[in-house]
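> The following block contains the structure, expressed as structure tokens.
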Amino acid sequence: MRSVGIDDLEPGMILANDLLHSGRMLLPAGSVVTSSNITFFQRQGIENISVLSSPPVEPDEETLNKTFRYVRDYFMFVNHDQPAMIKMFDISVYRTATKLMEGWTLPSPEEQTVTELDDMRDLFFRDEGKVEDVVDAEIKIASFPDIFFKVKKVVDDPTASAQEIAAVVGLDVAISTQLLKLVNSPLYGFPSEINSLVRAVALVGSRELCTLALGLSTISYFKDIPPELIDMRSFWMHSLSCGIFSKILAEKVKGVVPEVMFTAGLLHDVGRLIVFKKMPCSSIQAMLYARENFIPLVEAEDMTLGFNHTNVAKDMLGKWKFPNELTDAISNHHSPHNADSKVQAAILQVADNLANAIGIADGGMYVLPGIEEGAWELLGIDAESLTSIVEDYDRQIEELFQAFFT
């Protein structure tokens, strides 16, 4: 399934889902779109429609062998006996081979480099400063958007009604608009359109909506990362992928709140953004070192910076007074055994590896960081279910990315 804009919709395309508008059915799933349908949709102000993707081209043996050799380098640092990793590898090989059959080409060495950064300077050199200096330098410039704290205050009030919570969320038009897009996306799959924040609070939950608002607030904070540093579309695609996988996994584990895990996945690499802003040259060195030597980026950061993005995230989220469960999972997603909530951190670690694994077929250039011993077992999920988890992800990602970043 993929989401197409109304201007790109063509006669003959097939609807992937029931097309609903203002609570009424326009066309059922499986309908073949006609020219008159497209004209009608335009008049109704419909912007995006989910259609079925073309059937994938089955890879031949030669392509599979070529892909096998390419993908295995990205799994160099993982436990090859772990059932989850074996399944992720198979999924990654097949997806990448399919892309090659469709005309995609493997990234060249030149594509793994970055542009010159002559005008950028780091806050300090290695061993001349520490994590706290990086975070404090950022916080002195700008404070975290206060919409989350306003929402949190009203949510923590046991007497607050859905109308009161919605009124506070509505103070930020951009956030409230994105929240409505989110609850109307495949992430939730509600049968009819949710057109008010009051109804969104009632259906999703006040605390859950607050957590989602936090994730959206954080995204809005990091809109000034220089494009010379990183392809922000790729960064947020990986982050959103991790969020979706985290939510899908959380729904299979008792006692875990899916919205919390979605937000944790969305923000799991937020520490990298602070480092990008304050230590751009060292960030580039770490990325190149990771790519050229096929080692996990977190390891390259430790070697290049003397610390890594989880250290920065822990200090930053603490100073921004993020909820403890989010801070704990994000700060320990590379080391779940150090977390207070080990299951949540393990979910995030598995989701991060899954996002990296499927990202190889889209030109991802970082090796999988691996899953800590015992972390997968904490989830109680059969490795074979990763196939259906990825299929579920595929049904959501494109429409969700448009809801978040367009």
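In the structure tokens, chains take letters A, B, ... by order of appearance, with residues numbered from 1 within each chain and ligands from 1 in the order shown.
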Pick out the residues sitting within 10 Å of stretch 239-254 of chain A, and hand them over as a ChimeraX atom specification; count only C-alpha atoms, and ignore anything fewer than 5 positions along from it in its own chain.

/A:187,233-234,259-270,343-356,358-359,378-381,386,389-390,392-394,396-398,400-401,404

> What lies within 8 Å of A:Leu368 using only C-alpha atoms, ignoring chain neighbours under 4 positions off, as number ranges by chain?

A: 74-78, 296, 353, 356-357

> Would you save the residues of that selection, restricted to N, CA, C and O atoms, as a PDB file, in the first residue's frame?


ATOM      1  N   TYR A  74      26.059  -5.293   6.780  1.00  0.00           N
ATOM      2  CA  TYR A  74      25.303  -4.473   7.717  1.00  0.00           C
ATOM      3  C   TYR A  74      24.881  -5.260   8.959  1.00  0.00           C
ATOM      4  O   TYR A  74      24.418  -4.686   9.940  1.00  0.00           O
ATOM      5  N   PHE A  75      25.038  -6.561   8.915  1.00  0.00           N
ATOM      6  CA  PHE A  75      24.716  -7.425  10.044  1.00  0.00           C
ATOM      7  C   PHE A  75      25.990  -7.974  10.693  1.00  0.00           C
ATOM      8  O   PHE A  75      25.965  -8.966  11.408  1.00  0.00           O
ATOM      9  N   MET A  76      27.110  -7.302  10.442  1.00  0.00           N
ATOM     10  CA  MET A  76      28.406  -7.801  10.879  1.00  0.00           C
ATOM     11  C   MET A  76      28.525  -7.881  12.400  1.00  0.00           C
ATOM     12  O   MET A  76      29.181  -8.771  12.941  1.00  0.00           O
ATOM     13  N   PHE A  77      27.877  -6.950  13.116  1.00  0.00           N
ATOM     14  CA  PHE A  77      28.091  -6.862  14.556  1.00  0.00           C
ATOM     15  C   PHE A  77      26.947  -7.443  15.376  1.00  0.00           C
ATOM     16  O   PHE A  77      26.851  -7.181  16.565  1.00  0.00           O
ATOM     17  N   VAL A  78      26.083  -8.231  14.756  1.00  0.00           N
ATOM     18  CA  VAL A  78      24.950  -8.791  15.500  1.00  0.00           C
ATOM     19  C   VAL A  78      25.207 -10.254  15.817  1.00  0.00           C
ATOM     20  O   VAL A  78      26.104 -10.890  15.251  1.00  0.00           O
ATOM     21  N   PRO A 296      28.674  -0.017  14.205  1.00  0.00           N
ATOM     22  CA  PRO A 296      27.476   0.723  14.595  1.00  0.00           C
ATOM     23  C   PRO A 296      27.799   2.189  14.877  1.00  0.00           C
ATOM     24  O   PRO A 296      28.867   2.516  15.409  1.00  0.00           O
ATOM     25  N   ASN A 353      16.601  -1.789  15.466  1.00  0.00           N
ATOM     26  CA  ASN A 353      17.252  -2.736  14.562  1.00  0.00           C
ATOM     27  C   ASN A 353      16.373  -3.061  13.363  1.00  0.00           C
ATOM     28  O   ASN A 353      16.854  -3.162  12.226  1.00  0.00           O
ATOM     29  N   ASN A 356      16.531  -0.182  10.944  1.00  0.00           N
ATOM     30  CA  ASN A 356      17.789  -0.222  10.209  1.00  0.00           C
ATOM     31  C   ASN A 356      17.782  -1.324   9.157  1.00  0.00           C
ATOM     32  O   ASN A 356      18.295  -1.149   8.045  1.00  0.00           O
ATOM     33  N   ALA A 357      17.215  -2.475   9.520  1.00  0.00           N
ATOM     34  CA  ALA A 357      17.201  -3.616   8.596  1.00  0.00           C
ATOM     35  C   ALA A 357      16.390  -3.326   7.348  1.00  0.00           C
ATOM     36  O   ALA A 357      16.842  -3.594   6.220  1.00  0.00           O
TER      37      ALA A 357
END

> Can you tell me, as an MDAnalysis selection string, what residues are no more than 7 Å from stretch 148-158 of chain A when counting only C-alpha atoms, ignoring any on the same chain fewer than 4 positions away?

chainID A and resid 165 168:169 206:207 210 213:214 217

> May I have the selected residues written with N, CA and C atoms, as a CSV table (one decimal), in the first residue's frame?


chain,number,residue,atom,x,y,z
A,165,ILE,N,-8.9,19.5,28.1
A,165,ILE,CA,-7.7,19.0,27.5
A,165,ILE,C,-7.6,19.4,26.1
A,168,VAL,N,-6.6,23.1,25.6
A,168,VAL,CA,-5.2,23.4,25.8
A,168,VAL,C,-4.4,22.9,24.6
A,169,VAL,N,-4.7,21.7,24.1
A,169,VAL,CA,-3.9,21.2,22.9
A,169,VAL,C,-4.2,22.1,21.7
A,206,SER,N,-6.4,10.7,27.3
A,206,SER,CA,-5.8,11.9,27.6
A,206,SER,C,-4.3,11.8,27.8
A,207,ARG,N,-3.8,10.9,28.6
A,207,ARG,CA,-2.4,10.7,28.8
A,207,ARG,C,-1.7,10.3,27.5
A,210,CYS,N,-1.4,13.2,25.3
A,210,CYS,CA,-0.3,14.1,25.8
A,210,CYS,C,1.1,13.6,25.3
A,213,ALA,N,1.6,14.4,21.8
A,213,ALA,CA,1.8,15.9,21.6
A,213,ALA,C,3.3,16.2,22.0
A,214,LEU,N,3.8,15.5,22.9
A,214,LEU,CA,5.3,15.6,23.3
A,214,LEU,C,6.2,15.3,22.1
A,217,SER,N,5.9,18.0,19.5
A,217,SER,CA,6.5,19.3,20.0
A,217,SER,C,8.0,19.2,19.8

> For a quick check of understanding, using only C-alpha atoms, which of A:Arg291, A:Val173, A:Phe322, A:Ile330 has the smallest distance to A:Asp73?

A:Arg291

> Any chance you could list, as a ChimeraX atom specification, the residues in stretch 202-239 of chain A that come up helix (DSSP H, G or I) when DSSP is run on the backbone?

/A:202-204,206-221,232-239

> Selection from above, C-alpha atoms, as an mmCIF file, in the first residue's frame, can you write it?


data_model
loop_
_atom_site.group_PDB
_atom_site.id
_atom_site.type_symbol
_atom_site.label_atom_id
_atom_site.label_comp_id
_atom_site.auth_asym_id
_atom_site.auth_seq_id
_atom_site.Cartn_x
_atom_site.Cartn_y
_atom_site.Cartn_z
ATOM 1 C CA ALA A 202 -12.013 10.343 24.233
ATOM 2 C CA LEU A 203 -10.855 7.639 21.795
ATOM 3 C CA VAL A 204 -7.092 7.709 22.292
ATOM 4 C CA SER A 206 -5.767 11.949 27.623
ATOM 5 C CA ARG A 207 -2.360 10.734 28.771
ATOM 6 C CA GLU A 208 -1.754 8.963 25.480
ATOM 7 C CA LEU A 209 -2.607 12.112 23.515
ATOM 8 C CA CYS A 210 -0.307 14.100 25.779
ATOM 9 C CA THR A 211 2.537 11.716 24.982
ATOM 10 C CA LEU A 212 1.888 12.083 21.254
ATOM 11 C CA ALA A 213 1.842 15.881 21.636
ATOM 12 C CA LEU A 214 5.252 15.637 23.286
ATOM 13 C CA GLY A 215 6.672 13.800 20.289
ATOM 14 C CA LEU A 216 5.243 16.347 17.858
ATOM 15 C CA SER A 217 6.533 19.254 19.983
ATOM 16 C CA THR A 218 10.023 17.808 19.926
ATOM 17 C CA ILE A 219 9.979 17.416 16.149
ATOM 18 C CA SER A 220 8.986 21.064 15.756
ATOM 19 C CA TYR A 221 11.910 22.081 17.968
ATOM 20 C CA MET A 232 16.618 15.238 7.665
ATOM 21 C CA ARG A 233 14.044 13.368 5.583
ATOM 22 C CA SER A 234 16.077 10.178 6.027
ATOM 23 C CA PHE A 235 16.597 10.917 9.709
ATOM 24 C CA TRP A 236 12.893 11.356 10.411
ATOM 25 C CA MET A 237 11.968 8.420 8.180
ATOM 26 C CA HIS A 238 14.176 6.182 10.314
ATOM 27 C CA SER A 239 12.789 7.744 13.498
#

> I'd like the neighbourhood of A:Ala166 as a PyMOL selection string, where a residue qualifies if any of its atoms comes within 8 Å (using only C-alpha atoms), though same-chain residues fewer than 6 positions away should be ignored.

chain A and resi 197-198+201

> Could you pull the residues within 8 Å of A:Lys314, counting only C-alpha atoms, minus those fewer than 6 positions along the same chain, as a list in words?

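Close residues of A:Lys314: Thr327, Asp328, Ile330 and Ser331 of chain A.
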
> Which one of A:Met279, A:Leu9, A:Met287, A:Ala339 sits closest to A:Ile230 if you count only C-alpha atoms?

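Looking only at the distances to A:Ile230, the closest residue turns out to be A:Met287.
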